[in-house]
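Undergrad: Dropping in start-v9.cif, with mmCIF, C-alpha atoms.
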```cif
data_target
#
loop_
_atom_site.label_atom_id
_atom_site.label_comp_id
_atom_site.auth_asym_id
_atom_site.auth_seq_id
_atom_site.Cartn_x
_atom_site.Cartn_y
_atom_site.Cartn_z
CA MET A 1194 0.00 0.00 0.00
CA TRP A 1195 1.29 3.44 -0.93
CA THR A 1196 -0.05 4.88 2.32
CA GLU A 1197 2.54 2.72 4.13
CA LYS A 1198 5.24 3.04 1.49
CA TYR A 1199 5.13 6.84 1.60
CA LYS A 1200 4.43 7.20 5.28
CA PRO A 1201 6.36 10.22 6.69
CA LYS A 1202 9.76 9.24 8.10
CA LYS A 1203 10.61 12.67 9.51
CA VAL A 1204 8.62 15.56 10.89
CA ASN A 1205 9.16 17.69 7.78
CA ASP A 1206 7.68 14.90 5.65
CA VAL A 1207 4.28 15.47 7.28
CA VAL A 1208 2.22 17.71 4.98
CA ASP A 1209 1.55 21.19 6.48
CA GLN A 1210 0.48 21.24 10.18
CA GLU A 1211 3.41 23.50 11.16
CA ARG A 1212 1.74 24.77 14.33
CA ALA A 1213 0.91 21.25 15.50
CA LYS A 1214 4.45 20.06 14.78
CA LYS A 1215 6.02 22.83 16.87
CA SER A 1216 3.58 22.36 19.76
CA LEU A 1217 4.08 18.59 19.93
CA LEU A 1218 7.86 18.80 19.64
CA TYR A 1219 8.00 21.42 22.39
CA PHE A 1220 5.82 19.26 24.66
CA LEU A 1221 8.04 16.20 24.19
CA SER A 1222 11.35 18.00 24.54
CA ASN A 1223 10.18 19.66 27.76
CA PHE A 1224 8.06 16.80 29.07
CA LYS A 1225 9.49 16.75 32.61
CA LYS A 1226 8.62 20.43 33.04
CA GLN A 1227 5.08 20.05 31.69
CA ARG A 1228 2.14 20.43 34.06
CA LYS A 1229 -0.03 18.28 31.78
CA LYS A 1230 1.45 14.86 31.04
CA ALA A 1231 -0.64 13.96 27.98
CA VAL A 1232 -1.45 15.47 24.59
CA LEU A 1233 -4.78 15.13 22.84
CA LEU A 1234 -4.21 15.32 19.08
CA HIS A 1235 -7.43 16.00 17.23
CA GLY A 1236 -8.51 16.76 13.69
CA PRO A 1237 -10.34 15.25 10.69
CA CYS A 1238 -9.50 11.82 9.30
CA GLY A 1239 -6.45 11.52 7.06
CA VAL A 1240 -4.69 14.77 8.05
CA GLY A 1241 -1.63 13.10 9.62
CA LYS A 1242 -2.34 12.74 13.35
CA THR A 1243 -0.89 9.26 13.82
CA SER A 1244 1.70 9.78 11.07
CA LEU A 1245 3.09 12.82 12.90
CA VAL A 1246 3.59 10.80 16.09
CA TYR A 1247 5.43 8.04 14.22
CA ALA A 1248 7.55 10.55 12.30
CA ILE A 1249 8.68 12.15 15.57
CA ALA A 1250 9.38 8.74 17.12
CA ASN A 1251 11.44 7.70 14.09
CA GLN A 1252 13.39 10.96 13.83
CA PHE A 1253 14.15 11.38 17.54
CA ASN A 1254 14.62 7.70 18.42
CA TYR A 1255 11.59 7.20 20.69
CA GLU A 1256 10.37 3.72 21.48
CA ILE A 1257 6.71 3.96 20.54
CA ILE A 1258 4.05 1.83 22.23
CA GLU A 1259 0.79 1.94 20.30
CA LEU A 1260 -2.52 1.05 21.90
CA ASN A 1261 -5.90 1.20 20.17
CA ALA A 1262 -8.88 2.38 22.21
CA SER A 1263 -11.26 -0.08 20.55
CA HIS A 1264 -9.36 -2.96 22.24
CA PHE A 1265 -10.32 -1.76 25.73
CA ARG A 1266 -13.77 -2.25 27.21
CA ASP A 1267 -13.06 -2.26 30.94
CA LYS A 1268 -10.65 -0.54 33.30
CA LYS A 1269 -8.92 -3.77 34.41
CA LYS A 1270 -7.61 -4.48 30.93
CA LEU A 1271 -6.55 -0.86 30.50
CA GLN A 1272 -4.76 -0.93 33.87
CA SER A 1273 -2.94 -4.19 33.08
CA ILE A 1274 -1.55 -2.94 29.76
CA LEU A 1275 -1.25 0.85 29.90
CA GLY A 1276 -0.63 0.87 33.65
CA GLU A 1277 2.50 -1.22 33.23
CA ALA A 1278 3.69 0.67 30.16
CA ILE A 1279 3.75 4.04 31.93
CA LYS A 1280 5.96 2.64 34.74
CA GLN A 1281 8.50 0.48 32.93
CA LYS A 1282 11.60 1.81 31.24
CA SER A 1283 12.52 0.87 27.70
CA LEU A 1284 14.57 -2.30 27.22
CA PHE A 1285 16.70 -0.41 24.70
CA ALA A 1286 17.42 2.63 26.89
CA LYS A 1287 15.20 4.78 24.69
CA GLN A 1288 12.65 7.37 25.73
CA LYS A 1289 9.18 5.83 25.60
CA LEU A 1290 6.27 7.41 23.75
CA ILE A 1291 2.81 5.97 24.40
CA LEU A 1292 0.33 6.41 21.55
CA PHE A 1293 -3.34 5.83 22.38
CA ASP A 1294 -5.05 5.84 18.97
CA GLU A 1295 -8.71 6.14 17.94
CA LEU A 1296 -9.80 7.46 21.32
CA GLU A 1297 -13.41 7.73 20.13
CA GLY A 1298 -13.53 3.91 20.23
CA ILE A 1299 -13.43 3.97 24.04
CA THR A 1300 -16.11 6.61 24.57
CA LYS A 1301 -19.18 4.40 24.09
CA ASP A 1302 -20.34 1.65 26.41
CA ASP A 1303 -17.03 1.47 28.25
CA ARG A 1304 -16.83 0.21 31.81
CA GLY A 1305 -14.68 2.72 33.65
CA CYS A 1306 -12.01 3.06 30.95
CA LEU A 1307 -12.08 6.85 30.72
CA GLU A 1308 -11.95 7.29 34.48
CA GLU A 1309 -9.02 4.87 34.66
CA LEU A 1310 -7.28 6.67 31.81
CA LEU A 1311 -7.53 9.94 33.74
CA LYS A 1312 -5.87 8.32 36.76
CA LEU A 1313 -3.08 6.82 34.65
CA ILE A 1314 -2.35 10.20 33.04
CA GLU A 1315 -1.80 11.70 36.50
CA LYS A 1316 0.65 8.91 37.42
CA THR A 1317 2.57 8.58 34.16
CA THR A 1318 6.30 9.09 33.90
CA GLN A 1319 6.17 8.68 30.11
CA PRO A 1320 4.59 11.08 27.59
CA ILE A 1321 1.13 9.94 26.44
CA ILE A 1322 -0.37 11.03 23.13
CA LEU A 1323 -4.08 10.48 22.60
CA VAL A 1324 -5.55 10.69 19.10
CA THR A 1325 -9.16 11.35 18.13
CA SER A 1326 -11.20 12.57 15.18
CA ASN A 1327 -14.11 13.63 17.39
CA ILE A 1328 -13.00 16.23 19.91
CA GLU A 1329 -16.60 17.38 20.47
CA ASP A 1330 -17.67 14.13 22.13
CA ASP A 1331 -19.09 15.17 25.49
CA ARG A 1332 -17.58 12.11 27.18
CA LEU A 1333 -14.12 13.58 26.60
CA ARG A 1334 -14.92 16.67 28.69
CA LYS A 1335 -12.86 15.66 31.73
CA LEU A 1336 -10.07 14.24 29.60
CA LYS A 1337 -9.68 17.50 27.68
CA ARG A 1338 -8.99 19.35 30.92
CA LYS A 1339 -6.13 16.96 31.73
CA CYS A 1340 -4.49 17.13 28.30
CA LEU A 1341 -2.73 19.64 26.13
CA LEU A 1342 -4.99 20.04 23.08
CA ILE A 1343 -3.24 20.18 19.72
CA GLU A 1344 -5.32 20.50 16.58
CA LEU A 1345 -4.35 19.27 13.12
CA GLU A 1346 -6.22 21.20 10.47
CA LYS A 1347 -7.96 19.95 7.37
CA LEU A 1348 -5.50 19.79 4.47
CA SER A 1349 -5.95 22.09 1.50
CA ASP A 1350 -6.45 20.73 -2.00
CA GLU A 1351 -3.16 22.38 -3.03
CA SER A 1352 -1.22 20.50 -0.33
CA ILE A 1353 -2.74 17.18 -1.34
CA VAL A 1354 -2.02 17.81 -5.03
CA LYS A 1355 1.61 18.56 -4.15
CA LEU A 1356 1.82 15.28 -2.20
CA LEU A 1357 0.27 13.30 -5.08
CA LYS A 1358 2.69 14.87 -7.57
CA GLU A 1359 5.66 13.77 -5.47
CA ILE A 1360 4.34 10.20 -5.29
CA CYS A 1361 3.80 10.17 -9.07
CA ARG A 1362 7.37 11.38 -9.56
CA LYS A 1363 8.77 8.58 -7.39
CA GLU A 1364 6.56 5.97 -9.06
CA LYS A 1365 7.49 7.34 -12.52
CA ILE A 1366 3.85 7.91 -13.43
CA LYS A 1367 2.71 10.71 -15.70
CA ALA A 1368 -0.38 12.37 -14.25
CA ASP A 1369 -2.64 15.11 -15.56
CA GLU A 1370 -2.70 17.89 -12.95
CA LYS A 1371 -6.45 18.34 -13.44
CA VAL A 1372 -6.95 14.70 -12.48
CA LEU A 1373 -4.87 15.16 -9.33
CA LYS A 1374 -6.92 18.25 -8.45
CA GLU A 1375 -10.11 16.25 -8.91
CA ILE A 1376 -8.82 13.49 -6.62
CA ALA A 1377 -7.89 16.07 -3.97
CA ARG A 1378 -11.27 17.81 -4.25
CA SER A 1379 -13.26 14.58 -3.91
CA CYS A 1380 -11.25 13.50 -0.83
CA ASP A 1381 -12.11 16.70 1.04
CA GLY A 1382 -8.80 17.12 2.89
CA ASP A 1383 -8.17 13.41 3.54
CA ALA A 1384 -4.62 12.67 2.33
CA ARG A 1385 -4.89 8.95 3.07
CA ALA A 1386 -7.99 8.61 0.89
CA ALA A 1387 -6.31 10.63 -1.87
CA ILE A 1388 -3.24 8.35 -1.91
CA ASN A 1389 -5.47 5.26 -2.01
CA ASP A 1390 -7.40 6.71 -4.96
CA LEU A 1391 -4.19 7.54 -6.78
CA GLN A 1392 -2.89 4.00 -6.31
CA PHE A 1393 -6.18 2.59 -7.58
CA LEU A 1394 -6.00 4.73 -10.73
CA ALA A 1395 -2.32 3.95 -11.29
CA ALA A 1396 -2.80 0.18 -11.23
CA GLY A 1397 -1.50 -1.16 -14.57
CA ARG A 1398 -1.01 2.35 -15.98
CA LYS A 1399 1.96 4.61 -16.62
CA GLU A 1400 -0.25 7.60 -17.30
CA ILE A 1401 -3.26 8.94 -15.41
CA ASN A 1402 -5.58 11.11 -17.51
CA LYS A 1403 -9.23 12.12 -17.52
CA GLU A 1404 -10.18 8.83 -19.12
CA ALA A 1405 -8.61 6.93 -16.22
CA LEU A 1406 -10.54 9.10 -13.75
CA LYS A 1407 -13.78 7.48 -14.89
CA ALA A 1408 -12.64 4.23 -13.30
CA LEU A 1409 -12.72 5.83 -9.88
CA SER A 1410 -16.09 5.08 -8.39
CA LYS A 1411 -17.76 7.86 -6.48
CA ARG A 1412 -17.70 7.53 -2.73
CA GLU A 1413 -20.87 6.18 -1.24
CA LYS A 1414 -23.02 8.87 0.30
CA GLU A 1415 -24.81 8.34 3.56
CA ARG A 1416 -27.96 6.35 2.82
CA THR A 1417 -31.22 6.59 4.71
CA VAL A 1418 -32.57 3.82 6.92
CA GLU A 1419 -35.47 3.37 4.49
CA ASP A 1420 -33.08 2.76 1.57
CA ALA A 1421 -31.09 0.19 3.56
CA ILE A 1422 -34.20 -1.70 4.75
CA LYS A 1423 -35.61 -1.66 1.21
CA GLN A 1424 -32.43 -3.21 -0.21
CA ILE A 1425 -32.34 -5.89 2.50
CA LEU A 1426 -35.94 -6.87 1.73
CA GLU A 1427 -35.60 -6.63 -2.06
CA GLU A 1428 -32.17 -8.11 -2.81
CA ARG A 1429 -30.44 -11.34 -1.87
CA ASP A 1430 -27.08 -9.62 -1.45
CA ALA A 1431 -27.10 -7.03 1.36
CA LEU A 1432 -23.78 -7.65 3.14
CA GLY A 1433 -22.24 -4.40 4.38
CA ILE A 1434 -25.33 -2.35 3.59
CA LEU A 1435 -25.36 -0.79 7.08
CA GLN A 1436 -21.88 0.76 6.81
CA ASN A 1437 -23.17 4.13 5.58
CA VAL A 1438 -26.48 4.22 7.45
CA ASN A 1439 -26.91 6.91 10.09
CA ALA A 1440 -28.80 4.69 12.54
CA ASN A 1441 -27.87 2.35 15.36
CA ILE A 1442 -28.51 -1.39 15.55
CA ASP A 1443 -31.57 -1.03 17.80
CA GLU A 1444 -33.33 1.10 15.18
CA ILE A 1445 -32.53 -1.43 12.44
CA PHE A 1446 -34.19 -4.16 14.53
CA LEU A 1447 -37.35 -2.03 14.84
CA TRP A 1448 -37.49 -1.23 11.11
CA LEU A 1449 -37.03 -4.85 10.05
CA ASP A 1450 -39.53 -6.15 12.61
CA GLU A 1451 -42.13 -3.69 11.28
CA ASN A 1452 -41.63 -4.50 7.59
CA ILE A 1453 -40.73 -8.19 7.30
CA GLY A 1454 -44.32 -9.32 7.80
CA TYR A 1455 -45.57 -7.24 4.85
CA PHE A 1456 -43.23 -8.76 2.26
CA TYR A 1457 -42.30 -12.24 3.49
CA ARG A 1458 -44.68 -15.21 3.67
CA GLY A 1459 -44.60 -18.79 4.99
CA TYR A 1460 -41.13 -20.32 5.20
CA GLU A 1461 -39.50 -17.01 4.19
CA LEU A 1462 -41.17 -15.22 7.11
CA GLU A 1463 -40.12 -17.96 9.54
CA LYS A 1464 -36.51 -17.87 8.29
CA ALA A 1465 -36.32 -14.06 8.39
CA TYR A 1466 -37.44 -13.94 12.02
CA GLU A 1467 -34.99 -16.72 12.84
CA MET A 1468 -32.24 -14.42 11.52
CA LEU A 1469 -33.57 -11.54 13.64
CA SER A 1470 -33.54 -13.84 16.64
CA LYS A 1471 -29.92 -14.88 16.08
CA ALA A 1472 -28.91 -11.24 15.68
CA ASP A 1473 -30.61 -10.44 18.99
CA ILE A 1474 -28.78 -13.31 20.72
CA PHE A 1475 -25.39 -11.95 19.64
CA LYS A 1476 -26.42 -8.41 20.61
CA ALA A 1477 -27.24 -9.68 24.11
CA ARG A 1478 -23.80 -11.35 24.31
CA ILE A 1479 -22.18 -8.02 23.48
CA THR A 1480 -24.11 -6.36 26.31
CA ARG A 1481 -23.33 -9.08 28.86
CA GLN A 1482 -19.79 -10.03 27.94
CA GLN A 1483 -18.54 -6.88 26.16
CA HIS A 1484 -17.33 -9.08 23.26
CA TRP A 1485 -17.61 -6.45 20.55
CA ARG A 1486 -16.32 -8.78 17.86
CA PHE A 1487 -19.87 -10.21 17.89
CA LEU A 1488 -21.08 -6.97 16.28
CA PHE A 1489 -20.09 -8.45 12.93
CA TYR A 1490 -22.51 -11.35 13.47
CA VAL A 1491 -25.32 -9.00 14.51
CA SER A 1492 -24.86 -7.01 11.30
CA PHE A 1493 -24.52 -10.18 9.21
CA PHE A 1494 -27.80 -11.74 10.41
CA LEU A 1495 -29.68 -8.44 10.12
CA THR A 1496 -28.55 -7.86 6.52
CA GLN A 1497 -27.40 -10.94 4.63
CA GLY A 1498 -29.34 -13.32 6.87
CA VAL A 1499 -32.69 -11.60 6.33
CA ALA A 1500 -31.92 -11.03 2.63
CA LEU A 1501 -31.23 -14.73 2.00
CA ALA A 1502 -34.36 -15.83 3.87
CA LYS A 1503 -36.36 -15.20 0.67
CA LYS A 1504 -36.08 -17.53 -2.30
CA GLU A 1505 -35.88 -14.78 -4.92
CA LYS A 1506 -35.71 -11.01 -5.30
CA LYS A 1507 -38.81 -9.03 -4.36
CA LYS A 1508 -40.32 -5.72 -5.37
CA VAL A 1509 -40.76 -3.52 -2.30
CA VAL A 1510 -43.00 -0.55 -2.99
CA GLU A 1511 -43.10 1.26 0.34
CA ILE A 1512 -41.22 0.90 3.62
CA ARG A 1513 -43.33 1.45 6.74
CA LYS A 1514 -42.01 3.36 9.72
CA PRO A 1515 -42.12 1.43 13.02
CA LEU A 1516 -44.16 4.20 14.67
CA LYS A 1517 -45.26 2.58 17.94
CA ALA A 1518 -42.05 0.70 18.68
CA LEU A 1519 -39.90 3.61 17.49
CA LYS A 1520 -41.76 6.05 19.74
CA ILE A 1521 -41.17 3.78 22.75
CA TRP A 1522 -37.49 3.51 21.84
CA MET A 1523 -37.17 7.31 21.40
CA ILE A 1524 -38.79 7.91 24.78
CA LYS A 1525 -36.26 5.54 26.38
CA GLN A 1526 -33.40 7.34 24.64
CA LYS A 1527 -34.71 10.70 25.87
CA GLN A 1528 -35.01 9.28 29.38
CA ALA A 1529 -31.41 8.04 29.22
CA LYS A 1530 -30.21 11.52 28.24
CA ARG A 1531 -32.06 13.04 31.20
CA ILE A 1532 -30.49 10.53 33.58
CA GLU A 1533 -27.03 11.28 32.15
CA LEU A 1534 -27.64 15.03 32.54
CA ALA A 1535 -28.86 14.51 36.12
CA GLU A 1536 -25.66 12.61 36.95
CA LYS A 1537 -23.51 15.51 35.69
CA ILE A 1538 -25.56 18.08 37.64
CA ALA A 1539 -25.42 15.93 40.78
CA SER A 1540 -21.61 15.76 40.65
CA LEU A 1541 -21.35 19.55 40.23
CA MET A 1542 -24.04 20.53 42.76
CA HIS A 1543 -23.04 17.88 45.35
CA CYS A 1544 -26.51 16.40 45.60
CA SER A 1545 -28.06 13.00 44.85
CA LYS A 1546 -28.93 11.95 41.30
CA LYS A 1547 -32.55 11.59 42.33
CA THR A 1548 -32.71 15.19 43.56
CA ALA A 1549 -30.98 16.48 40.42
CA TYR A 1550 -33.40 14.55 38.22
CA LYS A 1551 -36.42 16.09 39.98
CA GLU A 1552 -34.97 19.60 39.54
CA LEU A 1553 -34.44 19.18 35.77
CA PHE A 1554 -38.05 20.23 35.10
CA PHE A 1555 -37.53 23.61 36.81
CA MET A 1556 -34.05 24.20 35.38
CA ARG A 1557 -35.40 24.61 31.86
CA PHE A 1558 -37.07 27.87 32.97
CA LEU A 1559 -33.78 29.38 34.17
CA LYS A 1560 -32.22 32.14 32.09
CA PHE A 1561 -28.43 32.53 31.94
#
```
Starting from the coordinates I provided, produce the structure as structure tokens.
TA:
Amino acid sequence: MWTEKYKPKKVNDVVDQERAKKSLLYFLSNFKKQRKKAVLLHGPCGVGKTSLVYAIANQFNYEIIELNASHFRDKKKLQSILGEAIKQKSLFAKQKLILFDELEGITKDDRGCLEELLKLIEKTTQPIILVTSNIEDDRLRKLKRKCLLIELEKLSDESIVKLLKEICRKEKIKADEKVLKEIARSCDGDARAAINDLQFLAAGRKEINKEALKALSKREKERTVEDAIKQILEERDALGILQNVNANIDEIFLWLDENIGYFYRGYELEKAYEMLSKADIFKARITRQQHWRFLFYVSFFLTQGVALAKKEKKKVVEIRKPLKALKIWMIKQKQAKRIELAEKIASLMHCSKKTAYKELFFMRFLKF
């Protein structure tokens, strides 16, 4: 992959981000004097957050320890791995650099991970760099106060074109500048996506022109829930259909449960509900055991499982909204938000959650 082949080896190889480079280098070179012992790197996907950390480690001879947030679901596992890493010295007498990537992966349904991470940051003797693409997540509120925030900005089309030109030069590929500009424009500041597109277009070619650009399929836009449910019920191939749907798994269950009975009959109906049942079993295992690898099976049974329950393709005219069930689900979601808000108010006002919850009704009339 060209994204690995042309990964920055030194800090100056990282495209743009001059302010972020200086801030991070200053933090690391003066780590012992720093009041905050961790950095929170944030910015859009593909702008060089992780690449910058590796470039610094490579150039200044740091021993980098990379951890991915999605691998941690409880504080015990985090303590056993990260807790030891922040105490131990490098076997090779190098300065350690702990990289905690994809922080957003730990912010949902975790069991004490964020609280444990805050404690470990206070104890660390090694610099910790946290990376996220979603700095606005409310769950990161406490973490942001403990970290030095460094933002990497969205890359300009000109910077991406310059990067693509350099890769073309090294690969000895002739490329039309207008094509490179079109790749940069379509990637919207994501250098990683631009390099992947360039490699796709260059496969088997020594020249990339406008004709070659036609081979580049347009990126899938976010599809509605109705479109996804319709495809599952109509087609026999629906694997991966939920990847670009802005809805969670619980909603998909409700939509399918509402519509299956209108379009499936007899054995097909029985088989489709069997698939829904299996998906629900794996969803329950995720909740109980925190085995998130089962999410693949949930998605598989909801999409490909239900799609293959029918013997042949169907014509679906209209998808029905699961009004009653969806309303109940929305009420529960709203209730959960109120409980979460009450917990935050209780911690700030030094009162019980029950008292804070009762006062929420009156607080909406307050003017600030």
Undergrad: Could you check the closest approach to Lys1347 (chain A) for each of A:Val1246, A:Ile1328, A:Val1208, A:Leu1449 and tell me which residue wins, using only C-alpha atoms?
TA: A:Val1208
Undergrad: Got a sec to resolve the PyMOL selection byres ((chain A and resi 1256) around 6) on this structure and send the residues as a PyMOL selection string?
TA: chain A and resi 1255+1257+1287+1289-1290
Undergrad: So that I can check the surroundings of region 1353-1356 of chain A, please list as a list in words every protein, DNA and RNA residue that reaches within 8 Å of it, counting all atoms listed in the file and ignoring chain neighbours fewer than 2 positions away.
TA: Val1208, Leu1348, Ser1349, Asp1350, Glu1351, Lys1358, Glu1359, Ile1360, Glu1370, Leu1373, Lys1374, Ala1377, Gly1382, Ala1384 and Ala1387 of chain A
Undergrad: By how many Å are CA of Leu1234 (chain A) and CA of Glu1259 (chain A) apart?
TA: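 It comes out at 14.3 Å.
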Undergrad: Selected by the PyMOL selection byres ((chain A and resi 1389) around 12) in the shown coordinates: which residues, as a PyMOL selection string?
TA: chain A and resi 1194-1199+1239+1357+1360+1376-1377+1380+1383-1388+1390-1396+1409
Undergrad: Put those residues in a file: C-alpha atoms, as a PDB file, in the coordinates of the input.
TA:
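Listing of part.pdb after writing:
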```
ATOM      1  CA  MET A1194       0.000   0.000   0.000  1.00  0.00           C
ATOM      2  CA  TRP A1195       1.290   3.440  -0.930  1.00  0.00           C
ATOM      3  CA  THR A1196      -0.050   4.880   2.320  1.00  0.00           C
ATOM      4  CA  GLU A1197       2.540   2.720   4.130  1.00  0.00           C
ATOM      5  CA  LYS A1198       5.240   3.040   1.490  1.00  0.00           C
ATOM      6  CA  TYR A1199       5.130   6.840   1.600  1.00  0.00           C
ATOM      7  CA  GLY A1239      -6.450  11.520   7.060  1.00  0.00           C
ATOM      8  CA  LEU A1357       0.270  13.300  -5.080  1.00  0.00           C
ATOM      9  CA  ILE A1360       4.340  10.200  -5.290  1.00  0.00           C
ATOM     10  CA  ILE A1376      -8.820  13.490  -6.620  1.00  0.00           C
ATOM     11  CA  ALA A1377      -7.890  16.070  -3.970  1.00  0.00           C
ATOM     12  CA  CYS A1380     -11.250  13.500  -0.830  1.00  0.00           C
ATOM     13  CA  ASP A1383      -8.170  13.410   3.540  1.00  0.00           C
ATOM     14  CA  ALA A1384      -4.620  12.670   2.330  1.00  0.00           C
ATOM     15  CA  ARG A1385      -4.890   8.950   3.070  1.00  0.00           C
ATOM     16  CA  ALA A1386      -7.990   8.610   0.890  1.00  0.00           C
ATOM     17  CA  ALA A1387      -6.310  10.630  -1.870  1.00  0.00           C
ATOM     18  CA  ILE A1388      -3.240   8.350  -1.910  1.00  0.00           C
ATOM     19  CA  ASP A1390      -7.400   6.710  -4.960  1.00  0.00           C
ATOM     20  CA  LEU A1391      -4.190   7.540  -6.780  1.00  0.00           C
ATOM     21  CA  GLN A1392      -2.890   4.000  -6.310  1.00  0.00           C
ATOM     22  CA  PHE A1393      -6.180   2.590  -7.580  1.00  0.00           C
ATOM     23  CA  LEU A1394      -6.000   4.730 -10.730  1.00  0.00           C
ATOM     24  CA  ALA A1395      -2.320   3.950 -11.290  1.00  0.00           C
ATOM     25  CA  ALA A1396      -2.800   0.180 -11.230  1.00  0.00           C
ATOM     26  CA  LEU A1409     -12.720   5.830  -9.880  1.00  0.00           C
TER      27      LEU A1409
END
```
Undergrad: List as a PyMOL selection string the protein and nucleic acid residues near region 1525-1536 of chain A, meaning an atom at most 6 Å away when all atoms listed in the file are counted, but skip any in the same chain fewer than 6 places from it.
TA: chain A and resi 1546+1549-1550
